[in-house]
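**Student:** For reference, the file entry.cif (mmCIF, C-alpha atoms) is included below:
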data_upload
loop_
_atom_site.group_PDB
_atom_site.id
_atom_site.type_symbol
_atom_site.label_atom_id
_atom_site.label_comp_id
_atom_site.auth_asym_id
_atom_site.auth_seq_id
_atom_site.Cartn_x
_atom_site.Cartn_y
_atom_site.Cartn_z
ATOM 1 C CA MET A 1 112.380 128.064 107.199
ATOM 2 C CA LEU A 2 109.583 125.531 107.166
ATOM 3 C CA GLN A 3 106.369 126.988 105.793
ATOM 4 C CA GLY A 4 104.058 124.158 106.804
ATOM 5 C CA ALA A 5 103.721 120.732 108.415
ATOM 6 C CA LEU A 6 101.383 118.403 106.544
ATOM 7 C CA PHE A 7 99.925 115.629 108.701
ATOM 8 C CA ASP A 8 98.584 112.261 107.755
ATOM 9 C CA MET A 9 96.030 111.067 110.326
ATOM 10 C CA ASP A 10 95.342 107.338 110.785
ATOM 11 C CA GLY A 11 98.359 105.544 112.195
ATOM 12 C CA LEU A 12 100.215 108.838 112.639
ATOM 13 C CA MET A 13 98.110 111.106 114.858
ATOM 14 C CA PHE A 14 95.757 108.427 116.115
ATOM 15 C CA ASP A 15 96.340 104.735 116.790
ATOM 16 C CA THR A 16 93.486 103.765 114.499
ATOM 17 C CA GLU A 17 95.258 101.552 111.952
ATOM 18 C CA ARG A 18 95.195 98.698 114.480
ATOM 19 C CA ILE A 19 91.476 99.209 114.936
ATOM 20 C CA GLY A 20 91.069 99.243 111.154
ATOM 21 C CA ARG A 21 93.088 96.044 110.765
ATOM 22 C CA ASP A 22 91.010 94.322 113.429
ATOM 23 C CA GLY A 23 87.894 95.623 111.681
ATOM 24 C CA TRP A 24 88.936 94.010 108.404
ATOM 25 C CA LEU A 25 89.505 90.720 110.201
ATOM 26 C CA ALA A 26 86.134 90.974 111.954
ATOM 27 C CA ALA A 27 84.479 91.666 108.597
ATOM 28 C CA ALA A 28 86.224 88.630 107.088
ATOM 29 C CA ARG A 29 84.831 86.406 109.831
ATOM 30 C CA GLN A 30 81.325 87.718 109.316
ATOM 31 C CA LEU A 31 81.502 87.268 105.539
ATOM 32 C CA GLY A 32 83.262 83.916 105.657
ATOM 33 C CA ILE A 33 86.204 85.092 103.584
ATOM 34 C CA ALA A 34 89.950 85.484 104.120
ATOM 35 C CA ILE A 35 91.584 88.914 103.873
ATOM 36 C CA PRO A 36 95.359 88.427 103.719
ATOM 37 C CA GLY A 37 97.510 90.740 105.805
ATOM 38 C CA THR A 38 99.361 91.743 102.645
ATOM 39 C CA VAL A 39 96.127 93.117 101.192
ATOM 40 C CA ILE A 40 95.334 95.051 104.367
ATOM 41 C CA ALA A 41 98.845 96.519 104.312
ATOM 42 C CA ALA A 42 98.616 97.449 100.617
ATOM 43 C CA MET A 43 95.373 99.352 101.244
ATOM 44 C CA ARG A 44 96.897 101.374 104.079
ATOM 45 C CA GLY A 45 97.125 105.084 103.347
ATOM 46 C CA THR A 46 95.391 105.184 99.970
ATOM 47 C CA GLY A 47 91.871 106.005 98.756
ATOM 48 C CA THR A 48 88.649 104.028 98.589
ATOM 49 C CA ASP A 49 88.709 103.343 94.840
ATOM 50 C CA ALA A 50 92.283 102.081 94.988
ATOM 51 C CA CYS A 51 91.453 99.943 98.023
ATOM 52 C CA ARG A 52 88.433 98.474 96.267
ATOM 53 C CA ALA A 53 90.534 97.546 93.244
ATOM 54 C CA LEU A 54 93.242 95.943 95.401
ATOM 55 C CA PHE A 55 90.732 94.058 97.540
ATOM 56 C CA ASN A 56 88.558 92.736 94.726
ATOM 57 C CA ALA A 57 91.559 91.724 92.620
ATOM 58 C CA ALA A 58 92.897 89.598 95.478
ATOM 59 C CA ILE A 59 89.681 88.235 97.007
ATOM 60 C CA PRO A 60 86.990 86.574 94.883
ATOM 61 C CA GLY A 61 83.398 87.724 95.140
ATOM 62 C CA ALA A 62 83.618 91.535 94.964
ATOM 63 C CA HIS A 63 83.054 91.840 98.717
ATOM 64 C CA TYR A 64 84.908 95.108 99.237
ATOM 65 C CA ASP A 65 81.990 97.458 99.842
ATOM 66 C CA GLU A 66 80.270 95.087 102.266
ATOM 67 C CA ALA A 67 83.527 94.374 104.106
ATOM 68 C CA HIS A 68 84.406 98.070 104.240
ATOM 69 C CA ALA A 69 81.029 98.944 105.758
ATOM 70 C CA LEU A 70 81.536 96.273 108.432
ATOM 71 C CA ARG A 71 85.056 97.588 109.103
ATOM 72 C CA LEU A 72 83.783 101.144 109.569
ATOM 73 C CA ARG A 73 81.037 99.935 111.911
ATOM 74 C CA TYR A 74 83.590 97.990 113.937
ATOM 75 C CA ALA A 75 85.887 101.025 114.237
ATOM 76 C CA ASP A 76 83.022 103.324 115.230
ATOM 77 C CA GLU A 77 81.945 100.901 117.964
ATOM 78 C CA VAL A 78 85.459 100.494 119.365
ATOM 79 C CA ILE A 79 86.147 104.241 119.437
ATOM 80 C CA ARG A 80 82.737 104.995 120.949
ATOM 81 C CA ARG A 81 83.367 102.403 123.667
ATOM 82 C CA GLU A 82 87.073 102.996 124.369
ATOM 83 C CA GLY A 83 87.740 106.516 123.110
ATOM 84 C CA LEU A 84 90.039 107.760 120.364
ATOM 85 C CA PRO A 85 93.634 106.601 120.939
ATOM 86 C CA VAL A 86 95.994 109.554 120.446
ATOM 87 C CA LYS A 87 99.572 108.774 119.415
ATOM 88 C CA PRO A 88 102.408 109.827 121.764
ATOM 89 C CA GLY A 89 103.835 113.262 121.081
ATOM 90 C CA LEU A 90 100.989 114.701 119.012
ATOM 91 C CA TYR A 91 100.244 117.516 121.444
ATOM 92 C CA GLU A 92 103.924 118.308 121.991
ATOM 93 C CA LEU A 93 104.544 118.546 118.255
ATOM 94 C CA LEU A 94 101.509 120.769 117.703
ATOM 95 C CA ASP A 95 102.630 122.965 120.616
ATOM 96 C CA TRP A 96 106.080 123.378 119.052
ATOM 97 C CA LEU A 97 104.675 124.172 115.610
ATOM 98 C CA GLY A 98 102.339 126.760 117.120
ATOM 99 C CA ALA A 99 105.187 128.390 119.026
ATOM 100 C CA GLN A 100 107.221 128.646 115.819
ATOM 101 C CA GLY A 101 104.326 129.986 113.778
ATOM 102 C CA ILE A 102 104.464 127.000 111.411
ATOM 103 C CA PRO A 103 100.938 126.098 110.276
ATOM 104 C CA ALA A 104 99.808 122.495 110.601
ATOM 105 C CA VAL A 105 97.592 121.104 107.840
ATOM 106 C CA LEU A 106 95.688 117.832 107.880
ATOM 107 C CA ALA A 107 96.197 115.837 104.665
ATOM 108 C CA THR A 108 94.368 112.557 105.111
ATOM 109 C CA SER A 109 92.868 109.861 102.903
ATOM 110 C CA THR A 110 89.967 109.642 105.374
ATOM 111 C CA ARG A 111 86.606 111.147 104.534
ATOM 112 C CA ARG A 112 85.808 114.629 105.858
ATOM 113 C CA GLU A 113 83.117 113.703 108.410
ATOM 114 C CA THR A 114 85.193 111.043 110.137
ATOM 115 C CA ALA A 115 88.406 113.065 110.129
ATOM 116 C CA LEU A 116 86.783 116.182 111.584
ATOM 117 C CA ALA A 117 85.077 114.096 114.276
ATOM 118 C CA TYR A 118 88.466 112.637 115.237
ATOM 119 C CA LEU A 119 90.060 116.094 115.448
ATOM 120 C CA GLU A 120 87.246 117.285 117.705
ATOM 121 C CA ALA A 121 87.459 114.181 119.892
ATOM 122 C CA ALA A 122 91.202 114.724 120.360
ATOM 123 C CA GLY A 123 90.733 118.440 121.083
ATOM 124 C CA VAL A 124 93.000 119.529 118.228
ATOM 125 C CA ALA A 125 90.567 120.834 115.605
ATOM 126 C CA ASP A 126 91.642 124.420 116.249
ATOM 127 C CA ARG A 127 95.341 123.537 115.941
ATOM 128 C CA PHE A 128 95.116 122.990 112.181
ATOM 129 C CA ALA A 129 95.160 125.901 109.779
ATOM 130 C CA ALA A 130 93.492 123.855 107.033
ATOM 131 C CA ALA A 131 92.445 120.320 106.154
ATOM 132 C CA VAL A 132 92.370 118.360 102.908
ATOM 133 C CA PHE A 133 90.554 115.030 102.554
ATOM 134 C CA GLY A 134 91.460 112.263 100.127
ATOM 135 C CA PRO A 135 87.976 111.746 98.661
ATOM 136 C CA GLU A 136 87.950 115.439 97.688
ATOM 137 C CA VAL A 137 91.099 115.433 95.535
ATOM 138 C CA ARG A 138 91.397 113.870 92.093
ATOM 139 C CA ARG A 139 93.943 111.161 92.863
ATOM 140 C CA PRO A 140 94.621 109.416 96.186
ATOM 141 C CA LYS A 141 98.009 108.690 97.734
ATOM 142 C CA PRO A 142 100.523 107.586 96.443
ATOM 143 C CA ALA A 143 99.744 110.413 93.971
ATOM 144 C CA PRO A 144 100.796 113.805 95.373
ATOM 145 C CA ASP A 145 97.430 115.567 95.064
ATOM 146 C CA VAL A 146 96.465 115.697 98.755
ATOM 147 C CA PHE A 147 99.825 117.170 99.798
ATOM 148 C CA LEU A 148 99.917 119.653 96.932
ATOM 149 C CA ALA A 149 96.425 120.794 97.931
ATOM 150 C CA ALA A 150 97.472 121.003 101.593
ATOM 151 C CA ALA A 151 100.461 123.199 100.778
ATOM 152 C CA ALA A 152 98.316 125.382 98.518
ATOM 153 C CA ALA A 153 95.730 125.780 101.294
ATOM 154 C CA ILE A 154 98.276 127.759 103.348
ATOM 155 C CA GLY A 155 99.997 129.421 100.392
ATOM 156 C CA ALA A 156 103.212 127.444 100.959
ATOM 157 C CA ALA A 157 105.696 125.993 98.508
ATOM 158 C CA PRO A 158 105.659 122.172 98.710
ATOM 159 C CA ALA A 159 109.456 122.113 98.895
ATOM 160 C CA ALA A 160 109.240 124.247 102.065
ATOM 161 C CA CYS A 161 106.797 121.859 103.733
ATOM 162 C CA VAL A 162 107.407 118.713 105.722
ATOM 163 C CA VAL A 163 105.080 115.730 105.547
ATOM 164 C CA LEU A 164 104.578 113.516 108.594
ATOM 165 C CA GLU A 165 103.548 110.017 107.553
ATOM 166 C CA ASP A 166 103.455 106.397 108.644
ATOM 167 C CA SER A 167 102.639 104.525 105.414
ATOM 168 C CA PRO A 168 104.663 103.847 102.256
ATOM 169 C CA ASN A 169 101.776 105.127 100.123
ATOM 170 C CA GLY A 170 101.869 108.424 102.003
ATOM 171 C CA LEU A 171 105.640 108.693 101.750
ATOM 172 C CA LYS A 172 105.475 108.121 97.993
ATOM 173 C CA ALA A 173 102.893 110.902 97.783
ATOM 174 C CA ALA A 174 105.125 113.225 99.806
ATOM 175 C CA ARG A 175 108.076 112.579 97.532
ATOM 176 C CA ALA A 176 105.960 113.077 94.414
ATOM 177 C CA ALA A 177 104.802 116.414 95.845
ATOM 178 C CA GLY A 178 108.413 117.511 96.411
ATOM 179 C CA CYS A 179 108.086 117.750 100.201
ATOM 180 C CA LYS A 180 110.483 116.713 102.922
ATOM 181 C CA ALA A 181 109.211 113.618 104.739
ATOM 182 C CA VAL A 182 109.416 112.304 108.271
ATOM 183 C CA VAL A 183 108.238 108.742 108.775
ATOM 184 C CA VAL A 184 106.867 107.606 112.124
ATOM 185 C CA PRO A 185 106.354 103.874 111.532
ATOM 186 C CA ASP A 186 103.151 102.261 112.723
ATOM 187 C CA LEU A 187 101.942 98.820 111.591
ATOM 188 C CA THR A 188 104.009 98.956 108.420
ATOM 189 C CA PRO A 189 107.794 99.214 108.929
ATOM 190 C CA ALA A 190 109.569 102.211 107.448
ATOM 191 C CA PRO A 191 110.780 101.591 103.889
ATOM 192 C CA PRO A 192 114.541 101.088 103.619
ATOM 193 C CA ARG A 193 116.477 104.358 103.544
ATOM 194 C CA ALA A 194 117.884 103.327 100.151
ATOM 195 C CA GLU A 195 114.426 103.775 98.607
ATOM 196 C CA GLY A 196 114.736 107.518 99.253
ATOM 197 C CA LEU A 197 111.182 107.973 100.532
ATOM 198 C CA TRP A 198 112.008 109.770 103.787
ATOM 199 C CA ASP A 199 114.445 112.296 105.192
ATOM 200 C CA ALA A 200 114.106 111.235 108.822
ATOM 201 C CA CYS A 201 112.687 108.230 110.660
ATOM 202 C CA VAL A 202 111.598 108.702 114.282
ATOM 203 C CA PRO A 203 109.765 106.450 116.763
ATOM 204 C CA THR A 204 107.165 109.009 117.893
ATOM 205 C CA LEU A 205 105.833 112.425 116.937
ATOM 206 C CA ARG A 206 107.595 113.793 120.008
ATOM 207 C CA ASP A 207 110.904 112.731 118.465
ATOM 208 C CA ALA A 208 110.050 114.678 115.307
ATOM 209 C CA VAL A 209 110.349 117.998 117.181
ATOM 210 C CA PRO A 210 114.179 118.219 117.274
ATOM 211 C CA VAL A 211 114.358 117.095 113.636
ATOM 212 C CA LEU A 212 111.976 119.822 112.501
ATOM 213 C CA ALA A 213 113.693 122.358 114.756
ATOM 214 C CA GLN A 214 117.007 121.660 113.046
ATOM 215 C CA TRP A 215 115.504 121.947 109.568
ATOM 216 C CA HIS A 216 113.606 125.111 110.478
ATOM 217 C CA ALA A 217 116.732 126.773 111.846
ATOM 218 C CA ALA A 218 118.899 125.689 108.903
ATOM 219 C CA ALA A 219 116.468 127.148 106.380
ATOM 220 C CA ARG A 220 116.357 130.631 107.921
#
Could you write out this structure as structure tokens?

**Tutor:**
Amino acid sequence: MLQGALFDMDGLMFDTERIGRDGWLAAARQLGIAIPGTVIAAMRGTGTDACRALFNAAIPGAHYDEAHALRLRYADEVIRREGLPVKPGLYELLDWLGAQGIPAVLATSTRRETALAYLEAAGVADRFAAAVFGPEVRRPKPAPDVFLAAAAAIGAAPAACVVLEDSPNGLKAARAAGCKAVVVPDLTPAPPRAEGLWDACVPTLRDAVPVLAQWHAAAR
């Protein structure tokens, strides 16, 4: 049986990767620089230090910290004005996990304050048994640290946990942790099946329910 469901956040639970992408582009306009879409995609799902290295290696001038601050300000303003966009199926999936007694754990690269504020805004803070934040583990995704810590937080074996992810960096982390992985593609398409980074690919979190139900029943 499944012992835990480990959730990424941005782009999976909440439709915030689009806001983040638009924030990078707004920051580029303000700074008078170009941020290629390939760089934005490469930064998706990993930690701040890795993003800084990717950004500054590709874009002259060491503008990462200034651009990142502008991006965060942009996202905060959009969410304050328009509300937090919740991805389809999140509540249904959390309902199913709760009914099965399978703990949900947040395992996000986002900093603690922002992530907890998002959970509260969506009304799901009490649906998660634990939460692990990327800046508080030693290595960011695609290293497995955040998922290993998430499994440990509920006393579960990583191999008995399923990771729900939208980014290649997160899927690589899930595989390195030894977890099953379900990809729900967002801005970045799902990696080819031949790469072996996911066990199931579904269009929404709602569609993950029958997949997890089958795995949970098979493992009993």

**Student:** Quick one: residues within 10 Å of Lys172 in chain A, only C-alpha atoms, excluding same-chain residues fewer than 2 positions away - as a PyMOL selection string?

**Tutor:** chain A and resi 141-144+165+167-170+174-178+181+195-198

**Student:** Where does the PyMOL selection byres ((chain A and resi 205) around 12) land in this file, that is, which residues does it pick, as a PyMOL selection string?

**Tutor:** chain A and resi 7-9+11-14+86-97+163-166+182-186+200-204+206-212

**Student:** Extending 3 Å beyond the listed atoms of range 178-182 of chain A on each side, what axis-aligned box results? I want centre and edge lengths in Å to one decimal, as AutoDock Vina command-line options.

**Tutor:**
--center_x 109.3 --center_y 115.0 --center_z 102.3 --size_x 8.4 --size_y 11.4 --size_z 17.9

**Student:** Which of these, A:Ala122, A:Ala117, A:Ala107, A:Val39, has the shortest distance to Arg52 in chain A once you count all atoms listed in the file?

**Tutor:**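 For Arg52 in chain A, the nearest of the given residues is A:Val39.
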
**Student:** Taking 3 positions as the minimum chain separation for residues in the same chain, which residues sit within 10 Å of Gly37 in chain A when counting only C-alpha atoms? Answer as a list in words.

**Tutor:**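 Selected residues are Arg21, Trp24, Leu25, Ala34, Ile40, Ala41, Ala42 and Met43 of chain A.
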
**Student:** Distance CA of Ala131 in chain A-CA of His68 in chain A, one decimal place?

**Tutor:**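 Answer for the CA of Ala131 in chain A to CA of His68 in chain A separation: 23.7 Å.
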
**Student:** CA of Asp15 in chain A and CA of Pro85 in chain A are how many Å apart?

**Tutor:**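 CA of Pro85 in chain A lies 5.3 Å from CA of Asp15 in chain A.
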
**Student:** Let me make sure I understand: among A:Gly134, A:Ile19, A:Ile102, A:Leu6, which one has the smallest atom-to-atom distance to Ala115 in chain A if we use only C-alpha atoms?

**Tutor:**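 Among A:Gly134, A:Ile19, A:Ile102, A:Leu6, it is A:Gly134 that comes nearest to Ala115 in chain A.
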
**Student:** Evaluate the PyMOL selection byres ((chain A and resi 109-114) around 7) and record the selected residues as an NGL selection string, following the chain and residue labels used in the document.

**Tutor:** :A and (45-47 or 108 or 115-118 or 133-135 or 140)

**Student:** Would you please work out which residue, of A:Leu171, A:Asp49, A:Ala130, A:Trp215, is nearest to Thr188 in chain A when using all atoms listed in the file?

**Tutor:**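 So, comparing all the options, the nearest one is A:Leu171.
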
**Student:** Tell me which residues the PyMOL selection byres ((chain A and resi 126) around 12) grabs here, as a ChimeraX atom specification.

**Tutor:** /A:94-95,98,103-106,116,119-125,127-131

**Student:** Hey, can you check how far CA of Lys180 in chain A sits from CA of Cys161 in chain A?

**Tutor:**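 So the answer is 6.4 Å.
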